[in-house]
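> See input-v1.txt below, with compact mmCIF, C-alpha atoms.
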```txt
# COMPACT_ATOMS: atom_id res chain seq x y z
CA MET A 155 58.37 103.86 112.64
CA THR A 156 59.36 104.93 116.16
CA PRO A 157 62.08 107.53 116.78
CA THR A 158 64.33 104.80 118.23
CA GLU A 159 63.92 102.57 115.18
CA ARG A 160 64.70 105.57 112.93
CA LEU A 161 67.81 106.30 115.02
CA ILE A 162 69.13 102.74 114.64
CA ARG A 163 68.34 102.62 110.92
CA ASP A 164 70.05 106.00 110.44
CA TYR A 165 73.12 104.65 112.27
CA TYR A 166 73.41 101.69 109.89
CA ALA A 167 72.64 103.83 106.83
CA ALA A 168 75.52 106.12 107.82
CA PHE A 169 77.71 103.03 108.32
CA ASP A 170 76.90 101.78 104.82
CA ALA A 171 77.53 105.23 103.35
CA GLY A 172 80.94 105.39 105.02
CA ASP A 173 79.82 108.56 106.80
CA ARG A 174 81.60 108.19 110.12
CA ALA A 175 80.77 111.77 111.18
CA ALA A 176 77.05 111.06 110.73
CA MET A 177 77.39 107.85 112.75
CA CYS A 178 79.12 109.67 115.60
CA ALA A 179 76.52 112.45 115.55
CA LEU A 180 73.94 109.84 116.58
CA LEU A 181 75.93 108.79 119.66
CA ALA A 182 76.03 110.15 123.20
CA GLU A 183 79.36 111.73 124.18
CA ASP A 184 79.85 109.00 126.80
CA VAL A 185 78.77 106.13 124.53
CA ALA A 186 79.70 102.64 125.78
CA HIS A 187 80.83 100.36 122.97
CA ASP A 188 81.10 96.63 123.59
CA VAL A 189 82.64 94.66 120.76
CA ASN A 190 82.47 90.89 120.45
CA GLN A 191 85.63 89.36 121.98
CA GLY A 192 86.92 92.75 123.13
CA PRO A 193 86.92 95.25 125.96
CA ARG A 194 84.37 98.00 126.52
CA ARG A 195 85.34 101.32 125.00
CA ARG A 196 83.90 104.52 126.47
CA GLY A 197 83.31 107.87 124.82
CA LEU A 198 83.31 109.23 121.30
CA PRO A 199 87.13 109.46 120.98
CA ALA A 200 87.44 105.72 121.66
CA PHE A 201 84.62 104.98 119.23
CA ARG A 202 86.26 107.08 116.51
CA ALA A 203 89.56 105.25 117.05
CA PHE A 204 87.74 101.93 116.71
CA LEU A 205 86.15 103.07 113.44
CA ALA A 206 89.53 104.13 112.05
CA GLN A 207 91.01 100.73 112.89
CA MET A 208 88.05 98.93 111.34
CA ASP A 209 88.07 101.06 108.18
CA ALA A 210 91.76 100.31 107.65
CA ALA A 211 91.27 96.54 107.86
CA TYR A 212 87.72 95.89 106.61
CA ALA A 213 85.24 97.05 103.97
CA GLU A 214 81.76 96.11 105.17
CA ARG A 215 78.10 96.62 104.38
CA ILE A 216 75.02 95.74 106.40
CA GLU A 217 72.35 93.63 104.72
CA ASP A 218 69.00 92.18 105.79
CA LEU A 219 68.65 94.65 108.68
CA ALA A 220 65.85 93.98 111.16
CA VAL A 221 65.35 96.41 114.06
CA MET A 222 63.32 95.68 117.19
CA VAL A 223 62.49 98.32 119.82
CA ASP A 224 61.09 97.95 123.34
CA GLY A 225 57.84 99.68 124.21
CA ALA A 226 59.49 102.62 125.93
CA GLY A 227 62.04 103.23 123.15
CA GLY A 228 65.02 103.03 125.50
CA ARG A 229 66.39 99.77 124.18
CA ALA A 230 66.66 98.26 120.74
CA ALA A 231 68.15 95.26 119.00
CA ALA A 232 69.24 94.75 115.42
CA GLU A 233 69.86 91.56 113.50
CA PHE A 234 71.71 91.70 110.19
CA THR A 235 74.25 90.15 107.86
CA VAL A 236 77.68 91.72 107.50
CA SER A 237 78.98 91.43 103.96
CA GLY A 238 82.63 92.34 103.87
CA ARG A 239 86.15 92.10 102.59
CA TYR A 240 89.23 91.67 104.80
CA LEU A 241 91.73 94.27 103.56
CA ARG A 242 94.58 94.51 106.06
CA THR A 243 95.71 92.03 108.70
CA ASP A 244 94.27 92.84 112.11
CA PRO A 245 96.69 91.90 114.94
CA GLY A 246 96.05 88.41 116.29
CA LEU A 247 93.85 87.40 113.35
CA PRO A 248 94.58 85.51 110.12
CA GLU A 249 96.48 87.23 107.32
CA ALA A 250 94.38 89.50 105.11
CA ARG A 251 94.38 88.84 101.37
CA GLY A 252 91.19 90.61 100.36
CA GLN A 253 89.01 87.68 101.43
CA ALA A 254 85.24 88.11 101.19
CA TYR A 255 82.98 87.04 104.05
CA ARG A 256 79.30 87.02 105.04
CA LEU A 257 78.54 86.87 108.72
CA PRO A 258 75.29 86.91 110.68
CA ALA A 259 75.49 89.41 113.52
CA GLY A 260 73.42 91.28 116.05
CA ALA A 261 73.63 94.36 118.20
CA PHE A 262 71.91 95.71 121.28
CA PHE A 263 71.41 99.42 121.88
CA GLU A 264 70.55 101.65 124.78
CA VAL A 265 69.07 105.03 123.82
CA ARG A 266 69.16 108.11 126.02
CA ASP A 267 67.91 111.60 125.12
CA GLY A 268 67.53 110.65 121.45
CA ARG A 269 71.09 109.36 121.08
CA ILE A 270 72.69 105.94 121.20
CA ALA A 271 74.30 105.54 124.64
CA ARG A 272 75.42 101.90 124.32
CA ILE A 273 76.20 99.56 121.44
CA THR A 274 76.91 95.89 122.13
CA THR A 275 77.78 93.82 119.05
CA TYR A 276 77.86 90.04 118.71
CA TYR A 277 78.99 87.74 115.92
CA ASN A 278 80.58 84.31 115.63
CA LEU A 279 84.32 85.01 115.49
CA GLN A 280 85.14 81.37 114.75
CA ASP A 281 82.83 81.46 111.71
CA TRP A 282 84.58 84.62 110.46
CA ILE A 283 88.04 83.06 111.01
CA ALA A 284 86.99 79.93 109.09
CA GLN A 285 85.72 82.05 106.19
CA VAL A 286 88.86 84.17 105.85
CA SER A 287 91.16 81.19 106.40
CA ALA A 288 89.63 79.05 103.63
```
Would you give me this structure, written as structure tokens?

Amino acid sequence: MTPTERLIRDYYAAFDAGDRAAMCALLAEDVAHDVNQGPRRRGLPAFRAFLAQMDAAYAERIEDLAVMVDGAGGRAAAEFTVSGRYLRTDPGLPEARGQAYRLPAGAFFEVRDGRIARITTYYNLQDWIAQVSA
């Protein structure tokens, strides 16, 4: 396993463990975070705020994780399934009632100096809305 693959797997293991400090320790101070259907956030404070918002509204785990790394180790991609529960209504989205969902997703990473410098996440928002609206 390459150092970049280990870094990405450690990031998702920390996510699943609910260890937000461990997740943030793997990120560059100036991390760029692109979320599906949202603006780019820059820096660890913005990333921590995003995590707090997500933790309040969602309980999620990553399943079926596959990690791919380029030859130089500077870029990686991950494909996975998000298994979650919608706990609290997120503004602009359907009402939360504890609905369960399973959603295929992917992420792209840029790695610099052994840390994650960019995370870009993609998923099908319409699929998620249909699942929690059913």
> In Å, with one decimal, what is the gap from CA of Ala167 in chain A to CA of Ile216 in chain A?
8.4 Å
> Any idea what the distance is between CA of Ala210 in chain A and CA of Leu161 in chain A?
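Going from CA of Ala210 in chain A over to CA of Leu161 in chain A, I get 25.8 Å.
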> Box time for range 199-215 of chain A: axis-aligned, enclosing all its listed atoms, 5 Å extra on each side; report centre and edge lengths in Å to one decimal, as AutoDock Vina command-line options.

```
--center_x 84.9 --center_y 102.7 --center_z 112.8 --size_x 23.7 --size_y 23.6 --size_z 27.7
```
> Figure out the distance between CA of Leu219 in chain A and CA of Arg163 in chain A, please, to one decimal in Å.
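Going from CA of Arg163 in chain A over to CA of Leu219 in chain A, I get 8.3 Å.
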> Write out as CSV the residues of range 181-234 of chain A that have any atom within 9 Å of an atom of range 245-261 of chain A, one row each with the nearest atom pair and its distance in Å to one decimal, counting only C-alpha atoms, sorted by chain and then rising number.

```
residue,atom,partner,partner_atom,distance
A:Ala211,CA,A:Ala250,CA,8.2
A:Tyr212,CA,A:Gly252,CA,8.9
A:Ala230,CA,A:Ala261,CA,8.4
A:Ala231,CA,A:Ala261,CA,5.6
A:Ala232,CA,A:Ala261,CA,5.2
A:Glu233,CA,A:Gly260,CA,4.4
A:Phe234,CA,A:Ala259,CA,5.5
```
> What would the file look like if the residues just selected were written as a JSON list (two decimals), in the frame of the given file with C-alpha atoms?

```
[["chain", "number", "residue", "atom", "x", "y", "z"],
["A", 211, "ALA", "CA", 91.27, 96.54, 107.86],
["A", 212, "TYR", "CA", 87.72, 95.89, 106.61],
["A", 230, "ALA", "CA", 66.66, 98.26, 120.74],
["A", 231, "ALA", "CA", 68.15, 95.26, 119.00],
["A", 232, "ALA", "CA", 69.24, 94.75, 115.42],
["A", 233, "GLU", "CA", 69.86, 91.56, 113.50],
["A", 234, "PHE", "CA", 71.71, 91.70, 110.19]]
```
> Calculated over all atoms listed in the file, which of the candidates A:Arg160, A:Arg195, A:Arg269, A:His187 has the smallest distance to Val221 in chain A?
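Result for the nearest residue to Val221 in chain A: A:Arg160.
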> Using all atoms listed in the file, which protein or nucleic acid residues come within 8 Å of Asp170 in chain A? Drop anything in the same chain fewer than 4 positions from it, and give the result as a list in words.
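Here the answer would be Tyr166, Glu214, Arg215 and Ile216 of chain A.
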> Skip Ala206 in chain A itself and residues of its chain fewer than 6 positions away, then list as a list in words all residues within 12 Å of it, counting all atoms listed in the file.
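Neighbouring residues, sequence-local ones excluded: Gly172, Asp173, Arg174, Ala175, Pro199, Ala200, Tyr212 and Ala213 of chain A.
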> Which polymer residues have any atom within 10 Å of an atom of range 155-158 of chain A, counting all atoms listed in the file, with same-chain residues fewer than 4 positions away left out, as a list in words?
Ile162, Arg163, Asp164, Val221, Met222, Val223, Asp224, Gly225, Ala226, Gly227, Gly228, Arg229, Ala230, Phe263, Glu264, Val265, Arg266, Gly268, Arg269 and Ile270 of chain A
> Restricting the calculation to only C-alpha atoms, which member of A:Leu241, A:Val189, A:Leu198, A:Met208 is positioned closest to Ile273 in chain A?
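Residue with the minimum atom-to-atom distance to Ile273 in chain A: A:Val189.
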> Which of these, A:Ala203, A:Ala186, A:Leu181, A:Ala168, has the shortest distance to Arg272 in chain A once you count all atoms listed in the file?
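So, comparing all the options, the nearest one is A:Ala186.
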> Within 10 Å of (83.1, 84.8, 110.8) (file coordinates; only C-alpha atoms), which protein or nucleic acid residues are there? I'd like them as a PDB file with C-alpha atoms, keeping the file's coordinate frame.

```pdb
ATOM      1  CA  VAL A 236      77.680  91.720 107.500  1.00  0.00           C
ATOM      2  CA  TYR A 255      82.980  87.040 104.050  1.00  0.00           C
ATOM      3  CA  ARG A 256      79.300  87.020 105.040  1.00  0.00           C
ATOM      4  CA  LEU A 257      78.540  86.870 108.720  1.00  0.00           C
ATOM      5  CA  PRO A 258      75.290  86.910 110.680  1.00  0.00           C
ATOM      6  CA  ALA A 259      75.490  89.410 113.520  1.00  0.00           C
ATOM      7  CA  TYR A 277      78.990  87.740 115.920  1.00  0.00           C
ATOM      8  CA  ASN A 278      80.580  84.310 115.630  1.00  0.00           C
ATOM      9  CA  LEU A 279      84.320  85.010 115.490  1.00  0.00           C
ATOM     10  CA  GLN A 280      85.140  81.370 114.750  1.00  0.00           C
ATOM     11  CA  ASP A 281      82.830  81.460 111.710  1.00  0.00           C
ATOM     12  CA  TRP A 282      84.580  84.620 110.460  1.00  0.00           C
ATOM     13  CA  ILE A 283      88.040  83.060 111.010  1.00  0.00           C
ATOM     14  CA  ALA A 284      86.990  79.930 109.090  1.00  0.00           C
ATOM     15  CA  GLN A 285      85.720  82.050 106.190  1.00  0.00           C
ATOM     16  CA  VAL A 286      88.860  84.170 105.850  1.00  0.00           C
ATOM     17  CA  SER A 287      91.160  81.190 106.400  1.00  0.00           C
TER      18      SER A 287
END
```
> Given the choices A:Gly197, A:Arg202, A:Gly192, A:Ala288, which gets closest to Ala176 in chain A if the distance is worked out from all atoms listed in the file?
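Of A:Gly197, A:Arg202, A:Gly192, A:Ala288, the one nearest Ala176 in chain A, counting all atoms listed in the file, is A:Arg202.
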> Please rebuild range 174-185 of chain A with all heavy atoms and give the result as an mmCIF file, keeping the file's coordinate frame.

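Once written, part_15.cif looks like this:
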```
data_model
loop_
_atom_site.group_PDB
_atom_site.id
_atom_site.type_symbol
_atom_site.label_atom_id
_atom_site.label_comp_id
_atom_site.auth_asym_id
_atom_site.auth_seq_id
_atom_site.Cartn_x
_atom_site.Cartn_y
_atom_site.Cartn_z
ATOM 1 N N ARG A 174 81.274 108.392 108.709
ATOM 2 C CA ARG A 174 81.600 108.190 110.120
ATOM 3 C C ARG A 174 81.176 109.385 110.971
ATOM 4 O O ARG A 174 80.775 109.212 112.124
ATOM 5 C CB ARG A 174 83.087 107.886 110.299
ATOM 6 C CG ARG A 174 83.579 106.653 109.528
ATOM 7 C CD ARG A 174 82.657 105.478 109.730
ATOM 8 N NE ARG A 174 83.129 104.276 109.073
ATOM 9 C CZ ARG A 174 82.353 103.478 108.352
ATOM 10 N NH1 ARG A 174 81.085 103.763 108.163
ATOM 11 N NH2 ARG A 174 82.839 102.381 107.812
ATOM 12 N N ALA A 175 81.219 110.589 110.420
ATOM 13 C CA ALA A 175 80.770 111.770 111.180
ATOM 14 C C ALA A 175 79.278 111.666 111.479
ATOM 15 O O ALA A 175 78.839 111.985 112.592
ATOM 16 C CB ALA A 175 81.088 113.040 110.410
ATOM 17 N N ALA A 176 78.488 111.214 110.511
ATOM 18 C CA ALA A 176 77.050 111.060 110.730
ATOM 19 C C ALA A 176 76.781 109.975 111.770
ATOM 20 O O ALA A 176 75.879 110.126 112.598
ATOM 21 C CB ALA A 176 76.343 110.739 109.421
ATOM 22 N N MET A 177 77.552 108.889 111.730
ATOM 23 C CA MET A 177 77.390 107.850 112.750
ATOM 24 C C MET A 177 77.629 108.431 114.133
ATOM 25 O O MET A 177 76.832 108.246 115.037
ATOM 26 C CB MET A 177 78.393 106.706 112.518
ATOM 27 C CG MET A 177 78.081 105.795 111.370
ATOM 28 S SD MET A 177 79.397 104.566 111.128
ATOM 29 C CE MET A 177 79.133 103.523 112.565
ATOM 30 N N CYS A 178 78.742 109.134 114.288
ATOM 31 C CA CYS A 178 79.120 109.670 115.600
ATOM 32 C C CYS A 178 78.137 110.732 116.078
ATOM 33 O O CYS A 178 77.935 110.871 117.285
ATOM 34 C CB CYS A 178 80.542 110.210 115.551
ATOM 35 S SG CYS A 178 81.776 108.886 115.405
ATOM 36 N N ALA A 179 77.501 111.437 115.163
ATOM 37 C CA ALA A 179 76.520 112.450 115.550
ATOM 38 C C ALA A 179 75.286 111.834 116.205
ATOM 39 O O ALA A 179 74.552 112.519 116.910
ATOM 40 C CB ALA A 179 76.105 113.271 114.326
ATOM 41 N N LEU A 180 75.084 110.543 116.002
ATOM 42 C CA LEU A 180 73.940 109.840 116.580
ATOM 43 C C LEU A 180 74.243 109.261 117.962
ATOM 44 O O LEU A 180 73.356 108.708 118.607
ATOM 45 C CB LEU A 180 73.493 108.716 115.645
ATOM 46 C CG LEU A 180 73.083 109.170 114.242
ATOM 47 C CD1 LEU A 180 72.843 107.959 113.352
ATOM 48 C CD2 LEU A 180 71.860 110.071 114.299
ATOM 49 N N LEU A 181 75.487 109.399 118.411
ATOM 50 C CA LEU A 181 75.930 108.790 119.660
ATOM 51 C C LEU A 181 76.016 109.807 120.791
ATOM 52 O O LEU A 181 76.335 110.976 120.566
ATOM 53 C CB LEU A 181 77.307 108.152 119.476
ATOM 54 C CG LEU A 181 77.452 107.143 118.338
ATOM 55 C CD1 LEU A 181 78.881 106.625 118.278
ATOM 56 C CD2 LEU A 181 76.465 106.010 118.481
ATOM 57 N N ALA A 182 75.796 109.330 122.007
ATOM 58 C CA ALA A 182 76.030 110.150 123.200
ATOM 59 C C ALA A 182 77.536 110.341 123.378
ATOM 60 O O ALA A 182 78.327 109.478 122.987
ATOM 61 C CB ALA A 182 75.443 109.453 124.425
ATOM 62 N N GLU A 183 77.925 111.460 123.947
ATOM 63 C CA GLU A 183 79.360 111.730 124.180
ATOM 64 C C GLU A 183 80.027 110.629 124.989
ATOM 65 O O GLU A 183 81.193 110.325 124.784
ATOM 66 C CB GLU A 183 79.529 113.070 124.917
ATOM 67 C CG GLU A 183 79.383 114.284 124.041
ATOM 68 C CD GLU A 183 80.509 114.452 123.040
ATOM 69 O OE1 GLU A 183 81.670 114.136 123.356
ATOM 70 O OE2 GLU A 183 80.215 114.899 121.916
ATOM 71 N N ASP A 184 79.289 110.030 125.921
ATOM 72 C CA ASP A 184 79.850 109.000 126.800
ATOM 73 C C ASP A 184 79.462 107.592 126.352
ATOM 74 O O ASP A 184 79.387 106.666 127.157
ATOM 75 C CB ASP A 184 79.416 109.227 128.242
ATOM 76 C CG ASP A 184 77.902 109.118 128.434
ATOM 77 O OD1 ASP A 184 77.157 109.157 127.425
ATOM 78 O OD2 ASP A 184 77.460 108.997 129.587
ATOM 79 N N VAL A 185 79.226 107.410 125.051
ATOM 80 C CA VAL A 185 78.770 106.130 124.530
ATOM 81 C C VAL A 185 79.653 104.978 125.043
ATOM 82 O O VAL A 185 80.874 105.101 125.140
ATOM 83 C CB VAL A 185 78.746 106.134 122.980
ATOM 84 C CG1 VAL A 185 80.134 106.302 122.379
ATOM 85 C CG2 VAL A 185 78.056 104.904 122.442
#
```
